[in-house]
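Asks: This structure is in structure tokens; I'll ask about it shortly.
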Amino acid sequence: MNHARRIAGLIGTAIMLGALAAASGPLVPHHAAGSAAMRLAFRARPERIEVCRTPTAEELARVAAHMRQEVICEGVAASYQLRLQVDDTVLIDRVVHGGGLRHDRPLQLELEHAVMPGPRRLQLSLVRREAAATDSVQLPTTSRVAGDTGIYAGRAVREVEERTRRDLAAIPARLSLDSTISFPVQRVILVTFDPDTRAWQIHGAEP
Amino acid sequence: MTDTQPRATRRMIQMADAIMNRLYGWRSNPLHQSGTIAVAMLLVLLATGLYLVLVYRVGSPAASVAALAADPWLGGWIRTLHRYASDIFVVAAVIHSFRLWAQRRTWGTRSLAWVSGLSLFGLGLACAWTGFVMAWDSFGYRLAVAGGRLFDVLPILSEPVSRIFAGDAPVPSAFFFVNLFLHIALPLAMGIGLWLHVSRVARPVLLPPKPLLWGTVIALTVLSVLWPAPLGPGADPLILTTDTPINLVTSWWLPLVERWPPGVTWALLSVLGIGLMAVPRLTRQPRMGEHAPSVVDPALCTGCDQCPQDCPWDAITMVPRTDDRPNLVALVDPARCVSCGICAGSCAPMGVGPGGRTGRDQLALLRSITFPRFREQPRTVLICCSQTPADHQRALESRGALLHPVSCVGNLHSSVVELLIRGGARAVMIGGCPPRDCLGREGPRWLHERLFEEREAELQARVDRRLVRTMTLAPGALAEALAEWDRFQAEVETIDSAPQNSPDSMELMLECDPVDLGTGVTR
């Protein structure tokens, strides 16, 4: 290999390595300068809309002792109308469901929309679409089955507790937010659902 | 697949090879070594990764990587070297697969190598993905979000992964632990994949020649010191970054995937994956003509065990004979034979080879085509393989060479050389491909050993070795080839040798009549 070829080889190597290094980390535009965004992200369990009735004595007699329920409930998971409006612009207006084929799994939502920075009026609502059943019997708060003993003892109480817990974990029938928020430049305002307070929660807003 | 398409791509390869041969010489042409360079980079990744994993903290990923990048003595360049090695791995793997596809080396027994190679490539990309996410800078965050979106449309996990990147709570350490686990487990899977990749290859070469290996490692290390890989600002889900330093080599698709719905990405990936996996099927050749598998003539086979040793694909085994001779007989597995014809040159009695390319066929071809052309005036014969660049052939022909093309010089039976010399050729020059770019894998090496190092079936001692020469005909290295030719011609001029025999009076085989090894009786 002669001298000229050696130099050409070195130059070729330098060019290839330079190309490699340049391709290894060029700055690629992502978000426009001076932008802001509103992100809505939450996970919550949809409410269960049920019609409950008290089984008759004949019905109870037909089933085995361990299958006798004080109240029989049938129903569906609720769906919700989600509406997000920033100033006069409606960004989202659609129906949302819980996950799964029967929509009875938690509702998961993550949406992001570009918003002009600065103070904006944010109106967000999540409203249950199904009406609560009016002919439903009142769920008992304590067991009224006289024979709530033996290995099934306490079942009625546990059922009541489970229903109470489920109701508390579910999205309220109407959840709304109407507030003026300042959207900082190059930042995201995140709105989530807080299951403890059962209300919208805003993250990242300037005080 | 049409025949013109691979021809066009092969021309592309020849042009690229020519440039690299001019820059580095064919011995160190990195394009010939793309597969071994990829393996070498895996070793570099392993070595640098061992250090990085000791320093990395799943509890504070961004901070630990930032501290690494800021360390000018060790961490900074090791991290960069790790990254550049992954880039080279990807580039080398793409070149390697493109070359094999263009050279139609993807069907038959090589299907497993193709499919496992694609899997290795996919695993490598997945490993790079987890590695970039581990750094947890703005680029890692974008990759994580894109990955989360892709995963969430699959019915695998009950809860969407993307939710953890929303920004209302810190990303759990478990996520980084899983990433770290995958980043270590995937290379282990690649080790198995590599074993599969070369499992049907005899004597696999896993590393490039030392000058190229160390040259690459040193060059990358120097580059790592001089040009550290960028690290974006630490990931913050609530910040909109205007620019992100993206690794285009492994993640050029990221800006596209961020715009497309996940379903579109999966659909494209599936089409691409199925298309690539189907390449062995699409490029499959009919097992006839030039692609017919080798066959053994049991009557000629002496059981010498040379063809199984030479076969680059382990397609030949020695099995007990069914006749009354006591020795073993070679058996070709047609499913593993790729018709490279290497065995034809390895068999002294000329009892094995693809149809039309056995030693006997070569001698017959020589008598019918080449001999009549130098009867009147003795000339130096240039035996060259079908891959020899056309400009080399033309240039050497214009210098008086009488061309005798063969499919691969590794197929060439040494008796052809002897017959040429004895038949009146002034000398014989054999031009092969660069040894690491031979389609038959080891053709030039076996040829050289058969001619000059007594490898079975060796060129007989009675042939004057001064009249025989081998050289490499590499694209872009015409000047060297011509110089070598001129040197050889000048040397031949000084040798006083006359034709030793007439081709017509010579028996077809000189030492190749089958011999019953049990009795020593020539049949």
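Every chain in the structure tokens has a letter given in the order shown (A, B, ...), and although residue numbers restart at 1 in each chain, ligands are simply numbered from 1 in the order shown.
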Using only C-alpha atoms, which residues sit within 6 Å of range 175-179 of chain B once same-chain residues fewer than 3 positions away are excluded, as a ChimeraX atom specification?

Replies: /B:58,130,172,182-183

Asks: Up to 6 Å from chain B, what residues of chain A turn up? Count only C-alpha atoms and give them as a ChimeraX atom specification.

Replies: /A:9,23-33,186-188

Asks: Restricting it to C-alpha atoms, dump the selection as a PDB file, in the first residue's frame.

Replies:
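Output saved as selection_4.pdb:
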ATOM      1  CA  GLY A   9      -7.545   5.454   3.668  1.00  0.00           C
ATOM      2  CA  ALA A  23     -25.679  10.265  12.765  1.00  0.00           C
ATOM      3  CA  SER A  24     -25.372   9.123  16.352  1.00  0.00           C
ATOM      4  CA  GLY A  25     -26.911  12.196  17.919  1.00  0.00           C
ATOM      5  CA  PRO A  26     -28.177  14.965  15.642  1.00  0.00           C
ATOM      6  CA  LEU A  27     -30.714  17.325  17.147  1.00  0.00           C
ATOM      7  CA  VAL A  28     -34.072  16.439  15.659  1.00  0.00           C
ATOM      8  CA  PRO A  29     -36.992  18.864  16.128  1.00  0.00           C
ATOM      9  CA  HIS A  30     -39.698  17.560  18.392  1.00  0.00           C
ATOM     10  CA  HIS A  31     -42.034  20.251  19.687  1.00  0.00           C
ATOM     11  CA  ALA A  32     -42.322  23.704  18.155  1.00  0.00           C
ATOM     12  CA  ALA A  33     -40.619  26.508  20.057  1.00  0.00           C
ATOM     13  CA  GLN A 186     -42.641  24.539  26.609  1.00  0.00           C
ATOM     14  CA  ARG A 187     -44.559  22.936  29.408  1.00  0.00           C
ATOM     15  CA  VAL A 188     -47.434  20.525  29.759  1.00  0.00           C
TER      16      VAL A 188
END

Asks: Find the residues near range 418-434 of chain B: any atom within 7 Å, counting only C-alpha atoms, skip ones fewer than 4 places away on the same chain, and give them as an NGL selection string.

Replies: :B and (26 or 378-385 or 388 or 409 or 414 or 438 or 444 or 463 or 467-474 or 499-503)

Asks: With C-alpha atoms retained, export the selected residues as a PDB file, in the first residue's frame.

Replies:
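And here's selection-v2.pdb as it stands now:
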ATOM      1  CA  TRP B  26      -8.878  -6.200  -0.223  1.00  0.00           C
ATOM      2  CA  PRO B 378       1.338 -21.303 -26.340  1.00  0.00           C
ATOM      3  CA  ARG B 379      -0.152 -18.703 -24.053  1.00  0.00           C
ATOM      4  CA  THR B 380      -0.535 -18.176 -20.366  1.00  0.00           C
ATOM      5  CA  VAL B 381      -3.966 -19.299 -19.267  1.00  0.00           C
ATOM      6  CA  LEU B 382      -5.852 -17.231 -16.728  1.00  0.00           C
ATOM      7  CA  ILE B 383      -8.343 -19.301 -14.798  1.00  0.00           C
ATOM      8  CA  CYS B 384     -10.745 -16.925 -13.143  1.00  0.00           C
ATOM      9  CA  CYS B 385     -13.992 -17.314 -11.276  1.00  0.00           C
ATOM     10  CA  THR B 388     -14.158 -11.721 -11.397  1.00  0.00           C
ATOM     11  CA  VAL B 409     -11.560 -21.289  -8.230  1.00  0.00           C
ATOM     12  CA  SER B 414      -5.558 -29.505  -9.620  1.00  0.00           C
ATOM     13  CA  CYS B 438     -15.592 -16.064  -1.750  1.00  0.00           C
ATOM     14  CA  PRO B 444      -9.095 -19.405  -2.566  1.00  0.00           C
ATOM     15  CA  VAL B 463       4.241 -30.072 -12.298  1.00  0.00           C
ATOM     16  CA  LEU B 467       4.563 -22.049 -13.956  1.00  0.00           C
ATOM     17  CA  VAL B 468       1.610 -21.821 -11.612  1.00  0.00           C
ATOM     18  CA  ARG B 469       0.547 -18.759  -9.655  1.00  0.00           C
ATOM     19  CA  THR B 470      -2.540 -17.608  -7.786  1.00  0.00           C
ATOM     20  CA  MET B 471      -3.647 -14.036  -7.334  1.00  0.00           C
ATOM     21  CA  THR B 472      -6.608 -12.110  -6.050  1.00  0.00           C
ATOM     22  CA  LEU B 473      -8.794 -10.285  -8.530  1.00  0.00           C
ATOM     23  CA  ALA B 474     -10.635  -7.747  -6.432  1.00  0.00           C
ATOM     24  CA  PRO B 499       5.241 -28.781 -23.010  1.00  0.00           C
ATOM     25  CA  GLN B 500       5.580 -32.039 -21.148  1.00  0.00           C
ATOM     26  CA  ASN B 501       2.951 -33.927 -22.970  1.00  0.00           C
ATOM     27  CA  SER B 502       0.222 -33.606 -25.484  1.00  0.00           C
ATOM     28  CA  PRO B 503      -3.279 -33.337 -24.167  1.00  0.00           C
TER      29      PRO B 503
END

Asks: Quick one: pick out all strand (DSSP E) residues within range 7-207 of chain A from a backbone DSSP run and write them as a PyMOL selection string.

Replies: chain A and resi 27-29+36-44+48-53+72-77+80-86+89-96+107-115+118-128+174-183+188-194+199-203

Asks: Deliver the residues from the most recent selection as a file, using C-alpha atoms, as a PDB file, in the first residue's frame.

Replies:
ATOM      1  CA  LEU A  27     -30.714  17.325  17.147  1.00  0.00           C
ATOM      2  CA  VAL A  28     -34.072  16.439  15.659  1.00  0.00           C
ATOM      3  CA  PRO A  29     -36.992  18.864  16.128  1.00  0.00           C
ATOM      4  CA  ALA A  36     -47.548  24.423  25.332  1.00  0.00           C
ATOM      5  CA  ALA A  37     -49.803  21.449  25.775  1.00  0.00           C
ATOM      6  CA  MET A  38     -52.678  20.160  27.784  1.00  0.00           C
ATOM      7  CA  ARG A  39     -52.508  16.499  28.718  1.00  0.00           C
ATOM      8  CA  LEU A  40     -55.427  14.589  30.128  1.00  0.00           C
ATOM      9  CA  ALA A  41     -54.388  11.301  31.662  1.00  0.00           C
ATOM     10  CA  PHE A  42     -56.259   9.209  34.130  1.00  0.00           C
ATOM     11  CA  ARG A  43     -57.268   5.752  35.170  1.00  0.00           C
ATOM     12  CA  ALA A  44     -60.608   5.281  36.905  1.00  0.00           C
ATOM     13  CA  ARG A  48     -71.808   0.237  37.454  1.00  0.00           C
ATOM     14  CA  ILE A  49     -75.440   1.032  36.640  1.00  0.00           C
ATOM     15  CA  GLU A  50     -77.476  -1.708  38.234  1.00  0.00           C
ATOM     16  CA  VAL A  51     -81.059  -2.670  38.726  1.00  0.00           C
ATOM     17  CA  CYS A  52     -81.401  -4.557  41.988  1.00  0.00           C
ATOM     18  CA  ARG A  53     -84.280  -6.621  43.236  1.00  0.00           C
ATOM     19  CA  ILE A  72     -79.755  -9.746  42.888  1.00  0.00           C
ATOM     20  CA  CYS A  73     -78.283  -6.976  40.746  1.00  0.00           C
ATOM     21  CA  GLU A  74     -77.896  -6.840  37.002  1.00  0.00           C
ATOM     22  CA  GLY A  75     -76.463  -3.977  35.013  1.00  0.00           C
ATOM     23  CA  VAL A  76     -73.773  -2.489  32.813  1.00  0.00           C
ATOM     24  CA  ALA A  77     -70.674  -0.341  33.208  1.00  0.00           C
ATOM     25  CA  TYR A  80     -69.210   8.935  29.843  1.00  0.00           C
ATOM     26  CA  GLN A  81     -69.334  12.002  27.682  1.00  0.00           C
ATOM     27  CA  LEU A  82     -65.928  13.640  27.805  1.00  0.00           C
ATOM     28  CA  ARG A  83     -65.704  17.277  26.816  1.00  0.00           C
ATOM     29  CA  LEU A  84     -62.646  19.484  26.912  1.00  0.00           C
ATOM     30  CA  GLN A  85     -62.801  23.090  25.899  1.00  0.00           C
ATOM     31  CA  VAL A  86     -59.949  25.590  26.016  1.00  0.00           C
ATOM     32  CA  THR A  89     -62.194  25.840  21.190  1.00  0.00           C
ATOM     33  CA  VAL A  90     -63.612  22.424  21.874  1.00  0.00           C
ATOM     34  CA  LEU A  91     -60.669  20.042  21.778  1.00  0.00           C
ATOM     35  CA  ILE A  92     -62.453  16.860  22.777  1.00  0.00           C
ATOM     36  CA  ASP A  93     -66.096  15.910  22.742  1.00  0.00           C
ATOM     37  CA  ARG A  94     -66.591  12.199  22.668  1.00  0.00           C
ATOM     38  CA  VAL A  95     -67.906   9.160  24.473  1.00  0.00           C
ATOM     39  CA  VAL A  96     -65.443   7.148  26.533  1.00  0.00           C
ATOM     40  CA  LEU A 107     -61.191   3.520  31.977  1.00  0.00           C
ATOM     41  CA  GLN A 108     -57.712   4.528  30.787  1.00  0.00           C
ATOM     42  CA  LEU A 109     -57.265   7.770  28.974  1.00  0.00           C
ATOM     43  CA  GLU A 110     -54.250   9.708  27.771  1.00  0.00           C
ATOM     44  CA  LEU A 111     -54.784  12.586  25.401  1.00  0.00           C
ATOM     45  CA  GLU A 112     -52.562  15.519  24.586  1.00  0.00           C
ATOM     46  CA  HIS A 113     -53.427  18.695  22.750  1.00  0.00           C
ATOM     47  CA  ALA A 114     -51.309  21.668  21.804  1.00  0.00           C
ATOM     48  CA  VAL A 115     -52.436  24.866  23.459  1.00  0.00           C
ATOM     49  CA  GLY A 118     -50.715  31.987  28.446  1.00  0.00           C
ATOM     50  CA  PRO A 119     -53.835  32.145  30.572  1.00  0.00           C
ATOM     51  CA  ARG A 120     -56.614  29.984  29.159  1.00  0.00           C
ATOM     52  CA  ARG A 121     -60.050  29.083  30.385  1.00  0.00           C
ATOM     53  CA  LEU A 122     -60.174  25.337  30.748  1.00  0.00           C
ATOM     54  CA  GLN A 123     -63.533  23.583  30.849  1.00  0.00           C
ATOM     55  CA  LEU A 124     -63.419  19.869  31.357  1.00  0.00           C
ATOM     56  CA  SER A 125     -66.340  17.585  32.046  1.00  0.00           C
ATOM     57  CA  LEU A 126     -66.936  13.877  32.271  1.00  0.00           C
ATOM     58  CA  VAL A 127     -70.639  13.124  32.534  1.00  0.00           C
ATOM     59  CA  ARG A 128     -72.244   9.745  32.899  1.00  0.00           C
ATOM     60  CA  ARG A 174     -70.614  14.188  36.901  1.00  0.00           C
ATOM     61  CA  LEU A 175     -67.052  15.426  37.088  1.00  0.00           C
ATOM     62  CA  SER A 176     -66.290  18.909  35.934  1.00  0.00           C
ATOM     63  CA  LEU A 177     -63.616  21.556  35.996  1.00  0.00           C
ATOM     64  CA  ASP A 178     -63.936  25.165  34.925  1.00  0.00           C
ATOM     65  CA  SER A 179     -60.871  27.187  35.660  1.00  0.00           C
ATOM     66  CA  THR A 180     -58.487  29.691  34.131  1.00  0.00           C
ATOM     67  CA  ILE A 181     -55.012  28.286  34.009  1.00  0.00           C
ATOM     68  CA  SER A 182     -51.797  29.844  32.799  1.00  0.00           C
ATOM     69  CA  PHE A 183     -50.083  27.548  30.315  1.00  0.00           C
ATOM     70  CA  VAL A 188     -47.434  20.525  29.759  1.00  0.00           C
ATOM     71  CA  ILE A 189     -50.414  21.057  32.016  1.00  0.00           C
ATOM     72  CA  LEU A 190     -51.499  17.646  33.158  1.00  0.00           C
ATOM     73  CA  VAL A 191     -55.021  16.969  34.382  1.00  0.00           C
ATOM     74  CA  THR A 192     -55.682  13.699  36.164  1.00  0.00           C
ATOM     75  CA  PHE A 193     -58.439  12.166  38.224  1.00  0.00           C
ATOM     76  CA  ASP A 194     -57.609  11.838  41.876  1.00  0.00           C
ATOM     77  CA  ALA A 199     -62.044  15.214  41.553  1.00  0.00           C
ATOM     78  CA  TRP A 200     -59.881  16.520  38.731  1.00  0.00           C
ATOM     79  CA  GLN A 201     -56.346  17.353  39.722  1.00  0.00           C
ATOM     80  CA  ILE A 202     -54.077  19.778  37.863  1.00  0.00           C
ATOM     81  CA  HIS A 203     -50.295  19.239  37.660  1.00  0.00           C
TER      82      HIS A 203
END

Asks: Tell me which protein, DNA and RNA residues are within 12 Å of Leu272 in chain B, counting only C-alpha atoms, leaving out same-chain ones fewer than 6 positions away, and put them as an MDAnalysis selection string.

Replies: chainID B and resid 118 122 265:266 278:279

Asks: Those residues with N, CA and C atoms, as a short mmCIF file (atom, residue, chain, number, x, y, z; two decimals), in the first residue's frame please?

Replies:
data_model
loop_
_atom_site.label_atom_id
_atom_site.label_comp_id
_atom_site.auth_asym_id
_atom_site.auth_seq_id
_atom_site.Cartn_x
_atom_site.Cartn_y
_atom_site.Cartn_z
N LEU B 118 -31.68 -12.28 10.93
CA LEU B 118 -32.72 -11.24 11.07
C LEU B 118 -33.16 -11.13 12.52
N GLY B 122 -33.02 -7.92 14.92
CA GLY B 122 -34.17 -7.41 15.68
C GLY B 122 -33.86 -7.32 17.16
N THR B 265 -47.97 1.31 12.42
CA THR B 265 -46.58 0.88 12.66
C THR B 265 -46.49 -0.63 12.73
N TRP B 266 -47.43 -1.24 13.47
CA TRP B 266 -47.40 -2.71 13.59
C TRP B 266 -47.64 -3.36 12.24
N ALA B 278 -39.32 -14.12 4.43
CA ALA B 278 -39.65 -14.93 3.26
C ALA B 278 -38.54 -14.91 2.20
N VAL B 279 -37.49 -14.15 2.45
CA VAL B 279 -36.42 -14.04 1.44
C VAL B 279 -35.85 -15.41 1.05
#

Asks: Any chance you could list, as an NGL selection string, the residues in range 97-231 of chain B that come up helix (DSSP H, G or I) when DSSP is run on the backbone?

Replies: :B and (97-102 or 108-135 or 138-152 or 162-165 or 173-197 or 210-226)

Asks: Which residues, written as JSON, numbers by chain, have at least one atom at most 10 Å from Ala113 in chain B, with only C-alpha atoms counted and residues fewer than 6 positions away on the same chain left out?

Replies: {"B": [105, 106, 107, 119, 193, 194, 195, 196, 197, 198, 199, 200, 201, 280]}

Asks: Using only C-alpha atoms, pick whichever of A:Arg45, A:Arg166, A:Arg198, A:Arg68 has the shortest atom-to-atom distance to Asp104 in chain A.

Replies: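 For Asp104 in chain A, the nearest of the candidates is A:Arg45.
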
Asks: Can you list, as a list in words, every protein, DNA or RNA residue that comes within 8 Å of range 131-136 of chain B when you count only C-alpha atoms, leaving out same-chain residues fewer than 6 positions away?

Replies: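 Listing them by chain and then by number gives Pro61, Ala62, Val65, Leu143, Ala144, Phe176, Asn179, Leu180, His183, Gly234 and Ala235 of chain B.
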
Asks: Taking C-alpha atoms for each residue, export the selection above as a compact mmCIF listing (two decimals), in the first residue's frame.

Replies:
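Final file, again13.txt:
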# COMPACT_ATOMS: atom_id res chain seq x y z
CA PRO B 61 -31.09 6.48 35.98
CA ALA B 62 -30.74 9.97 34.48
CA VAL B 65 -25.85 8.34 33.24
CA LEU B 143 -38.42 6.10 22.89
CA ALA B 144 -40.20 4.95 26.04
CA PHE B 176 -35.87 0.79 34.84
CA ASN B 179 -35.22 -2.28 31.14
CA LEU B 180 -31.90 -3.19 32.67
CA HIS B 183 -30.75 -4.97 28.25
CA GLY B 234 -33.04 14.48 31.79
CA ALA B 235 -36.49 13.21 30.96

Asks: Calculate how many Å separate CA of Ala21 in chain A from CA of Leu226 in chain B, rounding to one decimal.

Replies: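 Pair CA of Ala21 in chain A / CA of Leu226 in chain B returns 10.1 Å.
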
Asks: Mind giving me the straight-line distance from CA of Ser346 in chain B to CA of Arg104 in chain B in Å, one decimal?

Replies: 24.0 Å

Asks: What is the distance, in Å and to one decimal place, between CA of Ala292 in chain B and CA of Pro334 in chain B?

Replies: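 Here the two named atoms are 8.6 Å from each other.
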
Asks: Rank B:Val225, B:Ala202, B:Cys408, B:Ala126 by their smallest atom-to-atom distance to Gln309 in chain B, using only C-alpha atoms, and report the top residue only.

Replies: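 Closest residue, counting only C-alpha atoms: B:Ala202.
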
Asks: Between B:Asp314, B:Asp437, B:Asp323, B:Glu453, single out the one closest to Gln387 in chain B, counting only C-alpha atoms.

Replies: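 Result for the nearest residue to Gln387 in chain B: B:Asp437.
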